[in-house]
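Participant: This is the structure I have questions about; it appears just below.
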Amino acid sequence: MITIHVPGDKSICHRALMLAPLADGTSHIRGLALSEDVRATGAAMGALGAPAIGSLEEGQPIEIRGPVELRSPGSVIDCGNSGTTARLMVGLLAGSSAAATLDGDESLRRRPMDRVVQPLRRAGASVRELREPGYLPLEIEGCVLSPIRHESEAASAQVKSALLLAGLVSRVPVRVIEPGASRDHTERMLRAMGAQIEGEPQGKGMRVSLEPLSGALKPINMAVPGDFSSAAFWLGLAVLGGCRGEVRIEGVGLNPGRTGFLRVLDAMGASLDAMPSSDEAGEPVGDVVVRPSAMRGVEIPPEWVPALIDEIPIIACVASRAVGRTIIRGAQELRVKESDRIAALHANLVALGVSSRERPDGLEIEGADRAVAGVVETRGDHRIAMAFGVLGAVPGNSIAVDDRACARVSYPGFWEELDRVTASGPEP
Ligand code: S3P
């Protein structure tokens with residue numbers, strides 16, 4: 001059996017770095033990921049006067065002291081490739097007493113910011129687009145906001161979290177209604193810090209309510225769970241027989257808002273066990289064991305999508321080697337991720353000789369237990385690179401990925417780990 005530990009959950013790391021400075025006291029966080037996205041948030045918070053203190057070695061503990069009144073930085077904040085950094089930062093700044101300009105790389109400059117800017121403007125936020133309406137760079141001048149009430153068109157944890165952060169720092173109530181249940185890491189962390197926050201199902205979605213802060217927030221003390229979205233690549237590789245037998249992922253986050261891929265693997269015929277065993281600041285953590293399995297196609301309905309949105313690249317790659325048709329619907333949000341992931345997946349699958357049909361909101365893939373070969377263009381998208389890296393490591397397949405380096409955005413060390421765990425790699 002191969003045992004794998006994945007880097008700390010990226011979504012939780014962003015939130016810990018942004019929320020800990022607001023607490024009254026010193027937060028202790030272990031297992032912070034050192035991916036480029038998380039570093040972007042760390043650097044942004046440092047520029048705003050709220051640095052993380054400690055060694056930047058993988059897994060080393062850091063401290064964050066609070067409470068901090070955010071201060072205006074001397075230069076533009078570069079969010080790099082990270083949509084979560086940019087969108088959550090818009091919310092955090094909008095309700096603060098600081099002013100800052102946010103920018104990002106070419107990919108992030110093409111991603112819509114309107115979804116956070118519009119609801120914040122309705123609450124009185126001062127946000128100025130410096131280039132093009134609805135896109136970075138944005139200049140934000142913090143001010144006292146009025147109560148925030150928003151009904152999202154799409155389930156988005158980034159939108160929900162931006163609004164919660166804005167209301168939190170401005171001490172006003174926030175109500176967000178979503179058509180589906182997006183990941184709830186912000187709510188869980190805030191609850192663990194003593195905030196009054198509730199989520200209740202509403203139709204197929206959720207209604208989240210945050211009451212204005214009356215006292216102080218408690219510091220965070222947590223070991224960040226492993227990132228399920230990083231673990232997903234190893235689960236995909238293992239079911240397709242790319243590892244030496246059974247794989248055990250240890251200490252991975254098992255928040256149900258993130259683990260929709262387990263449901264998909266189960267429906268495709270995978271042999272797996274997920275065993276939650278502990279809790280870190282309200283986040284379930286445990287091990288997942290998965291074995292090589294005969295996989296078949298599956299229909300993924302829109303209501304499954306929020307809990308597996310970042311796993312669709314690896315799902316599509318697994319589907320290419322699963323017998324029969326896989327249909328993914330209701331995933332139109334994929335078109336505005338780090339790349340247009342529907343188009344990127346379709347084009348690359350076709351380039352490898354896989355039968356794929358592009359839908360406006362997803363994909364239809366005709367899979368077969370047959371080797372594939374060719375060149376993959378990642379479009380600079382880390383999850384496209386890693387998903388096809390996994391597919392290329394399945395015995396019989398032969399895939400060249402044009403830009404392997406972009407994996408560092410979420411998973412530095414991914415390619416070394418791939419060499420270690422594959423059936424053809426060096427013996428452990
Ligand atoms: C994230 C939320 C998701 C996800 C992204 C990380 C977060 O985006 O795709 O990788 O940390 O809040 P949306 O929920 O905003 O679409």
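Naming scheme: A, B, ... for chains in displayed order of the structure tokens; residues 1 onward per chain; ligands 1 onward as shown.
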For A:Gly353, work out the shell of residues within 12 Å, counting only C-alpha atoms and skipping chain neighbours fewer than 3 positions away, then give it as a list in words.

Facilitator: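 Skipping anything fewer than 3 positions along the chain leaves Ser320, Arg321, His346, Ala347, Asn348, Leu349, Val350, Ser356, Ile365, Glu366, Gly367, Ala368, Arg370, Ala371, Val372, Ala373, Gly374, Val375, Val376, Asn397, Ser398 and Ile399 of chain A.
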
Participant: A:Pro306: which residues within 12 Å, counting only C-alpha atoms, same-chain residues fewer than 5 positions away excluded, as an NGL selection string?

Facilitator: :A and (154-157 or 178-184 or 204-206 or 256-261 or 300-301 or 311-312 or 329-334)

Participant: Atom CA of A:Asp340 and atom CA of A:Pro395, how far apart in Å?

Facilitator: 28.5 Å

Participant: Residues within 9 Å of ligand 1, counting only C-alpha atoms and all ligand atoms: report them as a ChimeraX atom specification.

Facilitator: /A:10-15,82-85,87-88,154-162,182-186,229,306,308-310,333-334,336-338

Participant: Here is a test: counting only C-alpha atoms, which residue of A:Arg296, A:Arg379, A:Arg404, A:Arg420 is nearest to A:Arg244?

Facilitator: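 The answer is A:Arg420, which sits nearest to A:Arg244.
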
Participant: Name the residues in contact with A:Glu299 at a cut-off of 10 Å, using only C-alpha atoms, excluding same-chain residues fewer than 4 positions from it; report them as an mmCIF file with N, CA, C and O atoms, in the first residue's frame.

Facilitator:
```
data_model
loop_
_atom_site.group_PDB
_atom_site.id
_atom_site.type_symbol
_atom_site.label_atom_id
_atom_site.label_comp_id
_atom_site.auth_asym_id
_atom_site.auth_seq_id
_atom_site.Cartn_x
_atom_site.Cartn_y
_atom_site.Cartn_z
ATOM 1 N N VAL A 264 -18.886 10.451 -6.959
ATOM 2 C CA VAL A 264 -18.738 10.126 -8.380
ATOM 3 C C VAL A 264 -17.943 8.830 -8.549
ATOM 4 O O VAL A 264 -18.332 7.937 -9.308
ATOM 5 N N ALA A 267 -20.095 5.931 -7.738
ATOM 6 C CA ALA A 267 -21.067 5.659 -8.809
ATOM 7 C C ALA A 267 -20.388 5.057 -10.042
ATOM 8 O O ALA A 267 -21.021 4.363 -10.833
ATOM 9 N N MET A 268 -19.089 5.301 -10.204
ATOM 10 C CA MET A 268 -18.353 4.752 -11.365
ATOM 11 C C MET A 268 -17.825 3.347 -11.077
ATOM 12 O O MET A 268 -17.187 2.738 -11.930
ATOM 13 N N ARG A 325 -20.459 6.063 -21.307
ATOM 14 C CA ARG A 325 -20.576 7.521 -21.418
ATOM 15 C C ARG A 325 -20.624 8.198 -20.045
ATOM 16 O O ARG A 325 -21.364 7.764 -19.163
ATOM 17 N N THR A 326 -19.854 9.268 -19.916
ATOM 18 C CA THR A 326 -19.958 10.136 -18.725
ATOM 19 C C THR A 326 -20.531 11.465 -19.180
ATOM 20 O O THR A 326 -20.064 12.044 -20.166
ATOM 21 N N ILE A 327 -21.550 11.922 -18.456
ATOM 22 C CA ILE A 327 -22.169 13.214 -18.796
ATOM 23 C C ILE A 327 -22.047 14.138 -17.585
ATOM 24 O O ILE A 327 -22.438 13.766 -16.475
ATOM 25 N N ILE A 328 -21.482 15.312 -17.823
ATOM 26 C CA ILE A 328 -21.344 16.318 -16.759
ATOM 27 C C ILE A 328 -22.228 17.507 -17.144
ATOM 28 O O ILE A 328 -22.053 18.078 -18.219
ATOM 29 N N ARG A 329 -23.187 17.840 -16.268
ATOM 30 C CA ARG A 329 -24.113 18.946 -16.565
ATOM 31 C C ARG A 329 -24.088 19.967 -15.433
ATOM 32 O O ARG A 329 -23.771 19.625 -14.297
ATOM 33 N N GLU A 364 -19.676 15.584 -22.561
ATOM 34 C CA GLU A 364 -20.083 14.183 -22.692
ATOM 35 C C GLU A 364 -18.869 13.430 -23.205
ATOM 36 O O GLU A 364 -18.322 13.768 -24.262
#
```

Participant: Run DSSP on the backbone and grab whatever in stretch 76-247 of chain A lands in alpha helix (DSSP H); send it over as a count of residues only.

Facilitator: 59

Participant: Counting only C-alpha atoms, figure out which residue out of A:Ala232, A:Leu92, A:Val289, A:Leu19 gets nearest to A:Leu165.

Facilitator: A:Leu92

Participant: Work out how far apart atom CA of A:Gly389 and atom CA of A:Trp415 are and give it in Å to one decimal.

Facilitator: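 It comes out at 8.1 Å.
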
Participant: Measuring between only C-alpha atoms, which one of A:Ala216, A:Val169, A:Asp24, A:Arg175 shows the shortest distance to A:Glu200?

Facilitator: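 Comparing A:Ala216, A:Val169, A:Asp24, A:Arg175 against A:Glu200, the winner is A:Arg175.
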
Participant: Pick from A:Val176, A:Val305, A:Val401, A:Ile220: nearest to A:Ala351, with only C-alpha atoms counted?

Facilitator: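 Among A:Val176, A:Val305, A:Val401, A:Ile220, it is A:Val401 that comes nearest to A:Ala351.
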
Participant: From the set A:Lys218, A:Arg359, A:Arg335, A:Arg191, which residue has the shortest atom-to-atom contact distance to A:Pro67, counting only C-alpha atoms?

Facilitator: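 Ranking A:Lys218, A:Arg359, A:Arg335, A:Arg191 by distance to A:Pro67, first place goes to A:Lys218.
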
Participant: From a backbone DSSP assignment, name each residue in stretch 125-226 of chain A labelled strand (DSSP E), as JSON, numbers by chain.

Facilitator: {"A": [126, 127, 128, 129, 138, 139, 140, 141, 148, 149, 150, 151, 174, 175, 176, 177, 178, 197, 198, 199, 200, 201, 202, 205, 206, 207, 208, 209, 210, 221, 222, 223]}

Participant: Could you state the separation of atom CA of A:Gly194 and atom CA of A:Val208 in Å, given to one decimal place?

Facilitator: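 Computing it gives 15.8 Å between the two atoms.
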
Participant: Identify, on the basis of only C-alpha atoms, every residue whose closest approach to A:Leu22 does not exceed 7 Å; exclude the query and any residue fewer than 6 positions from it along the same chain; express the result as JSON, numbers by chain.

Facilitator: {"A": [66, 67, 68, 217]}

Participant: For a quick check of understanding, using only C-alpha atoms, which of A:Ala270, A:Ala123, A:Ala322, A:Cys79 has the smallest distance to A:Gly42?

Facilitator: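 Using only C-alpha atoms, the shortest distance to A:Gly42 belongs to A:Cys79.
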
Participant: Give me the residues within 8 Å of A:Asp78 as a list in words, counting only C-alpha atoms and dropping any in the same chain fewer than 3 places off.

Facilitator: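 Residues meeting the cut-off are Ala40, Ala44, Leu102, Asp103, Gly104 and Asp105 of chain A.
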
Participant: Kindly save the residues from that selection, with N, CA, C and O atoms included, as an mmCIF file, in the first residue's frame.

Facilitator:
```
data_model
loop_
_atom_site.group_PDB
_atom_site.id
_atom_site.type_symbol
_atom_site.label_atom_id
_atom_site.label_comp_id
_atom_site.auth_asym_id
_atom_site.auth_seq_id
_atom_site.Cartn_x
_atom_site.Cartn_y
_atom_site.Cartn_z
ATOM 1 N N ALA A 40 0.379 34.152 -2.244
ATOM 2 C CA ALA A 40 -0.169 35.451 -2.681
ATOM 3 C C ALA A 40 -1.015 36.064 -1.565
ATOM 4 O O ALA A 40 -0.922 37.260 -1.279
ATOM 5 N N ALA A 44 -0.144 39.448 0.559
ATOM 6 C CA ALA A 44 -1.132 40.533 0.598
ATOM 7 C C ALA A 44 -1.423 40.935 2.037
ATOM 8 O O ALA A 44 -1.452 42.130 2.367
ATOM 9 N N LEU A 102 -5.842 46.084 -6.121
ATOM 10 C CA LEU A 102 -5.624 44.654 -6.345
ATOM 11 C C LEU A 102 -5.425 44.399 -7.824
ATOM 12 O O LEU A 102 -6.163 44.928 -8.655
ATOM 13 N N ASP A 103 -4.447 43.553 -8.140
ATOM 14 C CA ASP A 103 -4.218 43.165 -9.536
ATOM 15 C C ASP A 103 -3.858 41.678 -9.566
ATOM 16 O O ASP A 103 -3.730 41.044 -8.502
ATOM 17 N N GLY A 104 -3.691 41.142 -10.760
ATOM 18 C CA GLY A 104 -3.345 39.730 -10.862
ATOM 19 C C GLY A 104 -2.675 39.444 -12.186
ATOM 20 O O GLY A 104 -2.432 40.361 -12.978
ATOM 21 N N ASP A 105 -2.412 38.156 -12.453
ATOM 22 C CA ASP A 105 -1.759 37.803 -13.712
ATOM 23 C C ASP A 105 -2.779 37.860 -14.865
ATOM 24 O O ASP A 105 -3.955 38.178 -14.654
#
```

Participant: Go through stretch 45-118 of chain A and flag each residue having an atom no more than 10 Å from stretch 128-141 of chain A; for those, report the closest pair of atoms plus their distance in Å to one decimal, using only C-alpha atoms, ordered by chain and rising number, as a Markdown table.

Facilitator:
```
| residue | atom | partner | partner_atom | distance |
| --- | --- | --- | --- | --- |
| A:Ser72 | CA | A:Glu141 | CA | 9.2 |
| A:Val76 | CA | A:Pro137 | CA | 9.1 |
| A:Ile77 | CA | A:Pro137 | CA | 9.5 |
| A:Asp78 | CA | A:Pro137 | CA | 9.4 |
| A:Cys79 | CA | A:Leu136 | CA | 9.9 |
| A:Ala86 | CA | A:Leu136 | CA | 8.6 |
| A:Met89 | CA | A:Ile140 | CA | 9.7 |
| A:Val90 | CA | A:Ile140 | CA | 7.1 |
| A:Gly91 | CA | A:Ile140 | CA | 9.4 |
| A:Leu92 | CA | A:Ile140 | CA | 10.0 |
| A:Leu93 | CA | A:Ile140 | CA | 6.6 |
| A:Ala94 | CA | A:Ile140 | CA | 6.2 |
| A:Gly95 | CA | A:Glu141 | CA | 8.6 |
| A:Ser96 | CA | A:Glu141 | CA | 8.1 |
| A:Ser97 | CA | A:Glu141 | CA | 7.6 |
| A:Ala98 | CA | A:Glu141 | CA | 6.4 |
| A:Ala99 | CA | A:Glu141 | CA | 4.2 |
| A:Ala100 | CA | A:Ile140 | CA | 5.5 |
| A:Thr101 | CA | A:Glu139 | CA | 4.2 |
| A:Leu102 | CA | A:Leu138 | CA | 5.3 |
| A:Asp103 | CA | A:Pro137 | CA | 4.4 |
| A:Gly104 | CA | A:Leu136 | CA | 7.0 |
| A:Asp105 | CA | A:Leu136 | CA | 9.4 |
| A:Glu106 | CA | A:Leu136 | CA | 9.7 |
| A:Leu108 | CA | A:Leu136 | CA | 7.5 |
| A:Arg109 | CA | A:Leu136 | CA | 5.1 |
| A:Arg110 | CA | A:Tyr135 | CA | 6.7 |
| A:Arg111 | CA | A:Tyr135 | CA | 6.7 |
| A:Pro112 | CA | A:Tyr135 | CA | 5.7 |
| A:Met113 | CA | A:Gly134 | CA | 5.2 |
| A:Asp114 | CA | A:Gly134 | CA | 4.6 |
| A:Arg115 | CA | A:Gly134 | CA | 8.2 |
| A:Val116 | CA | A:Gly134 | CA | 9.3 |
| A:Val117 | CA | A:Gly134 | CA | 7.5 |
| A:Gln118 | CA | A:Gly134 | CA | 8.7 |
```

Participant: Quick one: write out the picked residues with N, CA, C and O atoms as a compact mmCIF listing (two decimals), in the first residue's frame?

Facilitator:
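File result29.txt, as written:
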```
# COMPACT_ATOMS: atom_id res chain seq x y z
N SER A 72 -3.20 50.74 4.78
CA SER A 72 -3.04 50.82 3.32
C SER A 72 -1.61 50.46 2.94
O SER A 72 -0.67 50.99 3.53
N VAL A 76 0.80 48.18 -5.16
CA VAL A 76 -0.31 47.35 -5.64
C VAL A 76 -0.19 45.94 -5.04
O VAL A 76 0.91 45.39 -4.96
N ILE A 77 -1.31 45.35 -4.64
CA ILE A 77 -1.31 43.96 -4.15
C ILE A 77 -1.46 43.04 -5.36
O ILE A 77 -2.45 43.15 -6.11
N ASP A 78 -0.50 42.14 -5.52
CA ASP A 78 -0.52 41.21 -6.66
C ASP A 78 -1.13 39.87 -6.21
O ASP A 78 -0.52 39.15 -5.42
N CYS A 79 -2.32 39.58 -6.71
CA CYS A 79 -3.00 38.33 -6.32
C CYS A 79 -2.55 37.15 -7.19
O CYS A 79 -3.07 36.05 -7.04
N ALA A 86 -8.06 37.27 -4.71
CA ALA A 86 -8.61 38.52 -5.24
C ALA A 86 -10.03 38.77 -4.71
O ALA A 86 -10.34 39.83 -4.19
N MET A 89 -10.27 39.24 -0.91
CA MET A 89 -9.59 40.48 -0.54
C MET A 89 -10.47 41.70 -0.85
O MET A 89 -10.46 42.67 -0.10
N VAL A 90 -11.24 41.65 -1.94
CA VAL A 90 -12.15 42.76 -2.26
C VAL A 90 -13.11 42.95 -1.08
O VAL A 90 -13.34 44.06 -0.60
N GLY A 91 -13.64 41.86 -0.57
CA GLY A 91 -14.59 41.95 0.54
C GLY A 91 -13.92 42.45 1.81
O GLY A 91 -14.42 43.36 2.49
N LEU A 92 -12.77 41.88 2.12
CA LEU A 92 -12.06 42.26 3.35
C LEU A 92 -11.73 43.74 3.34
O LEU A 92 -11.91 44.44 4.34
N LEU A 93 -11.26 44.25 2.19
CA LEU A 93 -10.87 45.66 2.10
C LEU A 93 -12.09 46.58 2.10
O LEU A 93 -12.06 47.65 2.70
N ALA A 94 -13.16 46.15 1.43
CA ALA A 94 -14.33 47.04 1.25
C ALA A 94 -14.88 47.52 2.59
O ALA A 94 -15.31 48.66 2.72
N GLY A 95 -14.84 46.64 3.60
CA GLY A 95 -15.43 47.03 4.88
C GLY A 95 -14.38 47.52 5.88
O GLY A 95 -14.71 47.76 7.04
N SER A 96 -13.13 47.65 5.45
CA SER A 96 -12.05 47.99 6.39
C SER A 96 -11.79 49.50 6.38
O SER A 96 -12.49 50.26 5.73
N SER A 97 -10.73 49.91 7.08
CA SER A 97 -10.39 51.34 7.03
C SER A 97 -9.14 51.55 6.18
O SER A 97 -8.49 52.58 6.28
N ALA A 98 -8.79 50.56 5.34
CA ALA A 98 -7.62 50.69 4.47
C ALA A 98 -8.04 50.91 3.02
O ALA A 98 -9.19 50.66 2.66
N ALA A 99 -7.10 51.37 2.20
CA ALA A 99 -7.34 51.51 0.77
C ALA A 99 -6.23 50.75 0.05
O ALA A 99 -5.08 50.79 0.49
N ALA A 100 -6.57 50.06 -1.02
CA ALA A 100 -5.54 49.29 -1.74
C ALA A 100 -5.99 49.02 -3.16
O ALA A 100 -7.19 49.04 -3.47
N THR A 101 -5.01 48.74 -4.02
CA THR A 101 -5.29 48.33 -5.40
C THR A 101 -4.92 46.86 -5.54
O THR A 101 -3.84 46.45 -5.13
N LEU A 102 -5.84 46.08 -6.12
CA LEU A 102 -5.62 44.65 -6.34
C LEU A 102 -5.42 44.40 -7.82
O LEU A 102 -6.16 44.93 -8.66
N ASP A 103 -4.45 43.55 -8.14
CA ASP A 103 -4.22 43.17 -9.54
C ASP A 103 -3.86 41.68 -9.57
O ASP A 103 -3.73 41.04 -8.50
N GLY A 104 -3.69 41.14 -10.76
CA GLY A 104 -3.35 39.73 -10.86
C GLY A 104 -2.68 39.44 -12.19
O GLY A 104 -2.43 40.36 -12.98
N ASP A 105 -2.41 38.16 -12.45
CA ASP A 105 -1.76 37.80 -13.71
C ASP A 105 -2.78 37.86 -14.87
O ASP A 105 -3.96 38.18 -14.65
N GLU A 106 -2.33 37.54 -16.06
CA GLU A 106 -3.19 37.66 -17.25
C GLU A 106 -4.48 36.84 -17.09
O GLU A 106 -5.56 37.28 -17.47
N LEU A 108 -5.98 35.88 -14.28
CA LEU A 108 -6.87 36.45 -13.25
C LEU A 108 -7.52 37.75 -13.74
O LEU A 108 -8.66 38.05 -13.40
N ARG A 109 -6.80 38.49 -14.58
CA ARG A 109 -7.37 39.73 -15.13
C ARG A 109 -8.55 39.45 -16.06
O ARG A 109 -9.34 40.34 -16.36
N ARG A 110 -8.66 38.21 -16.52
CA ARG A 110 -9.79 37.85 -17.40
C ARG A 110 -10.96 37.26 -16.62
O ARG A 110 -12.00 36.93 -17.19
N ARG A 111 -10.81 37.10 -15.30
CA ARG A 111 -11.88 36.44 -14.53
C ARG A 111 -12.83 37.49 -13.93
O ARG A 111 -12.39 38.53 -13.43
N PRO A 112 -14.15 37.22 -13.97
CA PRO A 112 -15.12 38.24 -13.57
C PRO A 112 -15.07 38.59 -12.08
O PRO A 112 -15.07 37.70 -11.23
N MET A 113 -14.99 39.87 -11.79
CA MET A 113 -15.00 40.35 -10.41
C MET A 113 -16.35 40.99 -10.05
O MET A 113 -16.63 41.25 -8.89
N ASP A 114 -17.18 41.21 -11.08
CA ASP A 114 -18.48 41.84 -10.89
C ASP A 114 -19.32 41.15 -9.83
O ASP A 114 -20.06 41.78 -9.09
N ARG A 115 -19.21 39.84 -9.82
CA ARG A 115 -20.02 39.05 -8.88
C ARG A 115 -19.77 39.43 -7.42
O ARG A 115 -20.65 39.24 -6.59
N VAL A 116 -18.59 39.96 -7.09
CA VAL A 116 -18.38 40.46 -5.73
C VAL A 116 -18.53 41.98 -5.67
O VAL A 116 -19.02 42.53 -4.68
N VAL A 117 -18.14 42.65 -6.75
CA VAL A 117 -18.15 44.12 -6.73
C VAL A 117 -19.60 44.64 -6.64
O VAL A 117 -19.90 45.54 -5.84
N GLN A 118 -20.49 44.08 -7.45
CA GLN A 118 -21.87 44.61 -7.49
C GLN A 118 -22.58 44.54 -6.14
O GLN A 118 -23.09 45.54 -5.65
```

Participant: List as a PDB file with all heavy atoms, in the first residue's frame the protein and nucleic acid residues near A:Ala231, meaning an atom at most 8 Å away when only C-alpha atoms are counted, but skip any in the same chain fewer than 5 places from it.

Facilitator:
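Once written, selection.pdb looks like this:
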```pdb
ATOM      1  N   VAL A   6      -1.040  15.018   1.392  1.00  0.00           N
ATOM      2  CA  VAL A   6      -1.141  16.125   0.433  1.00  0.00           C
ATOM      3  C   VAL A   6      -0.955  17.457   1.170  1.00  0.00           C
ATOM      4  O   VAL A   6      -1.138  17.514   2.390  1.00  0.00           O
ATOM      5  CB  VAL A   6      -2.497  16.092  -0.329  1.00  0.00           C
ATOM      6  CG1 VAL A   6      -2.535  14.922  -1.286  1.00  0.00           C
ATOM      7  CG2 VAL A   6      -3.667  16.086   0.615  1.00  0.00           C
ATOM      8  N   GLY A 226      -5.354  18.134   4.974  1.00  0.00           N
ATOM      9  CA  GLY A 226      -4.862  17.978   3.605  1.00  0.00           C
ATOM     10  C   GLY A 226      -5.941  18.414   2.617  1.00  0.00           C
ATOM     11  O   GLY A 226      -7.142  18.320   2.892  1.00  0.00           O
ATOM     12  N   ILE A 249      -4.670   7.936   1.498  1.00  0.00           N
ATOM     13  CA  ILE A 249      -4.378   9.366   1.672  1.00  0.00           C
ATOM     14  C   ILE A 249      -4.658   9.658   3.141  1.00  0.00           C
ATOM     15  O   ILE A 249      -5.784   9.461   3.605  1.00  0.00           O
ATOM     16  CB  ILE A 249      -5.296  10.266   0.815  1.00  0.00           C
ATOM     17  CG1 ILE A 249      -5.504   9.689  -0.593  1.00  0.00           C
ATOM     18  CG2 ILE A 249      -4.785  11.707   0.802  1.00  0.00           C
ATOM     19  CD1 ILE A 249      -4.523  10.044  -1.610  1.00  0.00           C
ATOM     20  N   VAL A 252      -6.680  13.940   5.349  1.00  0.00           N
ATOM     21  CA  VAL A 252      -7.237  14.820   4.308  1.00  0.00           C
ATOM     22  C   VAL A 252      -8.586  15.397   4.773  1.00  0.00           C
ATOM     23  O   VAL A 252      -9.321  14.745   5.525  1.00  0.00           O
ATOM     24  CB  VAL A 252      -7.359  14.044   2.968  1.00  0.00           C
ATOM     25  CG1 VAL A 252      -8.400  12.957   3.012  1.00  0.00           C
ATOM     26  CG2 VAL A 252      -7.622  14.993   1.804  1.00  0.00           C
TER      27      VAL A 252
END
```

Participant: Could you pull the residues within 9 Å of A:Ser293, counting only C-alpha atoms, minus those fewer than 4 positions along the same chain, as a list in words?

Facilitator: Ala238, Val239, Leu240, Gly241, Gly269, Ala270 and Ser271 of chain A
